[in-house]
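Worksheet: the structure to be examined is printed underneath.
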Amino acid sequence: GAGVSQSPRYKVAKRGQDVALRCDPISGHVSLFWYQQALGQGPEFLTYFQNEAQLDKSGLPSDRFFAERPEGSVSTLKIQRTQQEDSAVYLCASSLFASGIQSYNEQFFGPGTRLTVL
Amino acid sequence: AQKITQTQPGMFVQEKEAVTLDCTYDTSDPSYGLFWYKQPSSGEMIFLIYQGSYDQQNATEGRYSLNFQKARKSANLVISASQLGDSAMYFCAMRENTGNQFYFGTGTSLTVIP
């Protein structure tokens, strides 16, 4: 497909379980972003990759959150020992250019993964 | 301080009427971009319109236009001739040229009434 895809679309985890969320960005896109969107809120930045390099992880809420993009394409967001406050929609977005090149660097979003921690 | 402020949690508009969704922003970066996204109940963020900080004219995309008032740091979205399919959450976002991330507001829920 031409757009950003994410899997799974829905994930239910028991508190304490580890989860892995996958993002397939648009082919050729340099930048990849992860956001967390709590119910009724706007997306909050988690982390940013430029190709395989994780250049910004300032938004990751704790060391239980880990993201990787080893080959500069697919990315995985891993949450260890999930807690109820991790319940949210996790959005992945990609953009063609590296950040800082120009302000118009539209981010294309995937459909998100809705994580529910019981 | 909030980077993006959307003060209207919910808005109603009659079908075929125009509606304005408010957005104010805060940045000290002279170069930035402002974006509006639509998020229907399906959850996907759909890009609507972009305004660059150096753009002289207000952006327009079909029924969408952006009322950009730089001195006031506002970037209101105007939707003309509202349609039932416009019912959704609308998010204003900003990207500073020196940064990596988008900053999003808390969104406005728009309901179009037939």
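Every chain in the structure tokens takes a letter, A first, then B, and so on in the order presented; its residues are numbered from 1, and the ligands are numbered from 1 following the presented order.
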
Worksheet item: Near stretch 28-35 of chain B, within 7 Å and counting only C-alpha atoms, which residues show up once chain neighbours fewer than 4 positions away are dropped, as a list in words?
Response: Ser103 and Tyr104 of chain A; Ile49, Tyr50, Gln51, Gly52, Ser53, Cys92, Ala93, Met94, Arg95, Glu96 and Asn97 of chain B

Writer output for current selection, all heavy atoms, as a short mmCIF file (atom, residue, chain, number, x, y, z; two decimals), in the first residue's frame:
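After the write, part38.cif holds the following:
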data_model
loop_
_atom_site.label_atom_id
_atom_site.label_comp_id
_atom_site.auth_asym_id
_atom_site.auth_seq_id
_atom_site.Cartn_x
_atom_site.Cartn_y
_atom_site.Cartn_z
N SER A 103 10.24 23.70 6.96
CA SER A 103 9.12 23.60 7.90
C SER A 103 7.97 22.83 7.29
O SER A 103 7.24 22.15 7.98
CB SER A 103 8.67 25.00 8.33
OG SER A 103 8.16 25.74 7.24
N TYR A 104 7.82 22.92 5.93
CA TYR A 104 6.77 22.11 5.32
C TYR A 104 7.34 20.72 5.11
O TYR A 104 8.05 20.46 4.13
CB TYR A 104 6.28 22.67 3.99
CG TYR A 104 5.24 21.77 3.39
CD1 TYR A 104 4.00 21.64 4.00
CD2 TYR A 104 5.51 21.01 2.26
CE1 TYR A 104 3.04 20.79 3.49
CE2 TYR A 104 4.54 20.16 1.74
CZ TYR A 104 3.32 20.06 2.36
OH TYR A 104 2.36 19.21 1.85
N ILE B 49 -4.41 21.11 5.68
CA ILE B 49 -3.89 22.37 5.18
C ILE B 49 -2.64 22.76 5.94
O ILE B 49 -2.46 22.38 7.10
CB ILE B 49 -4.98 23.48 5.27
CG1 ILE B 49 -4.64 24.71 4.44
CG2 ILE B 49 -5.24 23.85 6.73
CD1 ILE B 49 -5.81 25.65 4.26
N TYR B 50 -1.76 23.50 5.25
CA TYR B 50 -0.48 23.93 5.82
C TYR B 50 -0.27 25.42 5.61
O TYR B 50 -0.64 25.96 4.56
CB TYR B 50 0.66 23.16 5.14
CG TYR B 50 2.02 23.78 5.33
CD1 TYR B 50 2.75 23.53 6.48
CD2 TYR B 50 2.57 24.61 4.36
CE1 TYR B 50 4.00 24.10 6.66
CE2 TYR B 50 3.81 25.19 4.53
CZ TYR B 50 4.53 24.93 5.68
OH TYR B 50 5.76 25.49 5.88
N GLN B 51 0.34 26.06 6.61
CA GLN B 51 0.72 27.47 6.50
C GLN B 51 2.14 27.63 7.01
O GLN B 51 2.43 27.26 8.15
CB GLN B 51 -0.22 28.35 7.34
CG GLN B 51 0.07 29.83 7.30
CD GLN B 51 -0.54 30.53 6.11
OE1 GLN B 51 -1.69 30.31 5.76
NE2 GLN B 51 0.21 31.41 5.48
N GLY B 52 3.02 28.17 6.20
CA GLY B 52 4.38 28.45 6.64
C GLY B 52 4.48 29.83 7.26
O GLY B 52 3.74 30.74 6.87
N SER B 53 5.40 29.98 8.16
CA SER B 53 5.49 31.25 8.90
C SER B 53 5.88 32.41 8.00
O SER B 53 5.59 33.57 8.32
CB SER B 53 6.49 31.13 10.05
OG SER B 53 7.78 30.76 9.57
N CYS B 92 -5.00 21.17 15.49
CA CYS B 92 -4.02 22.14 15.01
C CYS B 92 -2.65 21.66 15.48
O CYS B 92 -2.51 21.14 16.60
CB CYS B 92 -4.34 23.52 15.59
SG CYS B 92 -3.21 24.84 15.13
N ALA B 93 -1.64 21.80 14.66
CA ALA B 93 -0.30 21.34 15.01
C ALA B 93 0.74 22.32 14.48
O ALA B 93 0.51 23.03 13.50
CB ALA B 93 -0.04 19.94 14.45
N MET B 94 1.88 22.32 15.14
CA MET B 94 2.97 23.19 14.73
C MET B 94 4.27 22.42 14.71
O MET B 94 4.50 21.56 15.57
CB MET B 94 3.11 24.37 15.71
CG MET B 94 4.29 25.29 15.41
SD MET B 94 4.42 26.66 16.55
CE MET B 94 4.82 25.82 18.07
N ARG B 95 5.10 22.73 13.74
CA ARG B 95 6.44 22.20 13.70
C ARG B 95 7.41 23.36 13.59
O ARG B 95 7.30 24.16 12.67
CB ARG B 95 6.61 21.23 12.55
CG ARG B 95 7.98 20.61 12.53
CD ARG B 95 8.19 19.70 11.36
NE ARG B 95 9.60 19.39 11.22
CZ ARG B 95 10.48 20.18 10.63
NH1 ARG B 95 10.09 21.31 10.08
NH2 ARG B 95 11.75 19.84 10.58
N GLU B 96 8.33 23.43 14.53
CA GLU B 96 9.37 24.45 14.48
C GLU B 96 10.52 23.94 13.61
O GLU B 96 10.83 22.75 13.63
CB GLU B 96 9.87 24.76 15.89
CG GLU B 96 8.79 25.36 16.77
CD GLU B 96 9.15 25.30 18.25
OE1 GLU B 96 9.78 24.30 18.67
OE2 GLU B 96 8.80 26.24 18.99
N ASN B 97 11.13 24.84 12.87
CA ASN B 97 12.17 24.40 11.96
C ASN B 97 13.38 23.82 12.67
O ASN B 97 14.11 23.01 12.12
CB ASN B 97 12.59 25.56 11.07
CG ASN B 97 12.81 25.12 9.64
OD1 ASN B 97 12.14 24.22 9.16
ND2 ASN B 97 13.74 25.74 8.96
#

Please, which residues in chain A fall within 10 Å of chain B when counting only C-alpha atoms, and what is the closest atom pair and distance in Å to one decimal for each, ordered by chain then residue number, as a tab-separated table?
residue	atom	partner	partner_atom	distance
A:Ser31	CA	B:Asn100	CA	9.1
A:Leu32	CA	B:Asn100	CA	9.9
A:Phe33	CA	B:Gln101	CA	7.6
A:Trp34	CA	B:Gln101	CA	9.4
A:Tyr35	CA	B:Gln101	CA	9.3
A:Gly40	CA	B:Thr106	CA	7.5
A:Gln41	CA	B:Thr106	CA	5.0
A:Gly42	CA	B:Thr106	CA	4.6
A:Pro43	CA	B:Phe104	CA	6.1
A:Glu44	CA	B:Phe104	CA	7.1
A:Phe45	CA	B:Gln101	CA	6.4
A:Leu46	CA	B:Gln101	CA	8.7
A:Thr47	CA	B:Gln101	CA	8.1
A:Tyr48	CA	B:Asn100	CA	6.9
A:Phe49	CA	B:Asn100	CA	9.2
A:Gln50	CA	B:Asn100	CA	9.6
A:Leu55	CA	B:Asn100	CA	8.7
A:Asp56	CA	B:Asn100	CA	7.6
A:Gly59	CA	B:Gln101	CA	9.6
A:Val89	CA	B:Gly43	CA	8.7
A:Leu91	CA	B:Glu44	CA	8.6
A:Ala93	CA	B:Met45	CA	9.4
A:Ala98	CA	B:Asn100	CA	8.6
A:Ser99	CA	B:Asn100	CA	5.3
A:Gly100	CA	B:Asn97	CA	5.1
A:Ile101	CA	B:Asn97	CA	7.4
A:Gln102	CA	B:Asn97	CA	6.4
A:Ser103	CA	B:Gly33	CA	5.1
A:Tyr104	CA	B:Gly33	CA	6.1
A:Asn105	CA	B:Gly33	CA	8.5
A:Glu106	CA	B:Phe47	CA	8.0
A:Gln107	CA	B:Phe47	CA	8.1
A:Phe108	CA	B:Phe47	CA	7.6
A:Phe109	CA	B:Met45	CA	5.8
A:Gly110	CA	B:Glu44	CA	6.3
A:Pro111	CA	B:Glu44	CA	4.5
A:Gly112	CA	B:Glu44	CA	6.9
A:Thr113	CA	B:Gly43	CA	9.4
A:Arg114	CA	B:Gly43	CA	9.4

Worksheet item: Which neighbours of stretch 63-70 of chain A fall inside 6 Å, counting only C-alpha atoms, when residues of the same chain fewer than 4 positions from it are skipped, and could you give them as a PyMOL selection string?
Response: chain A and resi 52+74-80

Discussion item. Taking only chain B into account, list the residues labelled strand (DSSP E or B) by DSSP (computed from the backbone), as a ChimeraX atom specification.
Written reply: /B:4-5,10-14,19-21,24-25,32-39,46-52,60-61,64-69,74-79,88-96,103-104,108-113

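The spacing separating atom CA of B:Thr5 from atom CA of B:Asp26 amounts to 8.5 Å.
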
Worksheet entry | Residue contacts of B:Thr20 (9 Å, only C-alpha atoms) excluding same-chain residues fewer than 2 positions away, as a ChimeraX atom specification | /B:18,22,76-80

Worksheet item: Quick one: distance from atom CA of A:Tyr10 to atom CA of A:Tyr90 in Å, one decimal?
Response: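 Taking atom CA of A:Tyr10 as the start and atom CA of A:Tyr90 as the end point, the length is 10.1 Å.
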
Worksheet item: Which residues come within 12 Å of A:Ala13, counting only C-alpha atoms, excluding same-chain residues fewer than 5 positions away, as a ChimeraX atom specification?
Response: /A:18-20,79-84,86-88,114-118

Output for the residues just chosen: C-alpha atoms as a PDB file, in the first residue's frame:
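Dumped to selection.pdb:
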ATOM      1  CA  ASP A  18       5.473  -6.734  27.233  1.00  0.00           C
ATOM      2  CA  VAL A  19       4.042  -5.509  23.926  1.00  0.00           C
ATOM      3  CA  ALA A  20       5.538  -4.692  20.525  1.00  0.00           C
ATOM      4  CA  ILE A  79       6.656  -1.335  25.975  1.00  0.00           C
ATOM      5  CA  GLN A  80       7.885  -3.504  28.786  1.00  0.00           C
ATOM      6  CA  ARG A  81       5.904  -4.378  31.912  1.00  0.00           C
ATOM      7  CA  THR A  82       2.829  -2.520  30.681  1.00  0.00           C
ATOM      8  CA  GLN A  83       0.800  -0.480  33.147  1.00  0.00           C
ATOM      9  CA  GLN A  84      -2.742   0.816  32.957  1.00  0.00           C
ATOM     10  CA  ASP A  86       0.016   3.059  29.030  1.00  0.00           C
ATOM     11  CA  SER A  87      -3.467   2.549  27.579  1.00  0.00           C
ATOM     12  CA  ALA A  88      -3.680   4.849  24.579  1.00  0.00           C
ATOM     13  CA  ARG A 114      -5.112   1.050  20.289  1.00  0.00           C
ATOM     14  CA  LEU A 115      -3.477  -0.471  23.367  1.00  0.00           C
ATOM     15  CA  THR A 116      -5.627  -1.420  26.317  1.00  0.00           C
ATOM     16  CA  VAL A 117      -3.887  -2.581  29.477  1.00  0.00           C
ATOM     17  CA  LEU A 118      -6.119  -4.459  31.910  1.00  0.00           C
TER      18      LEU A 118
END

With a distance cut-off of 6 Å and only C-alpha atoms, select the neighbouring residues of A:Val4, excluding the residue or stretch itself and same-chain residues fewer than 4 positions from it, and output the selection as a compact mmCIF listing (two decimals) with N, CA, C and O atoms, in the first residue's frame.
# COMPACT_ATOMS: atom_id res chain seq x y z
N ASP A 24 5.05 0.41 9.56
CA ASP A 24 5.64 0.37 8.22
C ASP A 24 5.44 1.74 7.58
O ASP A 24 4.32 2.07 7.17
N PRO A 25 6.49 2.54 7.48
CA PRO A 25 6.31 3.89 6.92
C PRO A 25 6.19 3.84 5.41
O PRO A 25 6.37 2.78 4.78
N ILE A 26 5.92 4.98 4.83
CA ILE A 26 5.91 5.09 3.38
C ILE A 26 7.33 4.87 2.87
O ILE A 26 8.30 5.42 3.42
N GLY A 110 -0.22 6.81 10.25
CA GLY A 110 -0.87 5.51 10.16
C GLY A 110 -2.17 5.50 10.94
O GLY A 110 -2.52 6.49 11.60
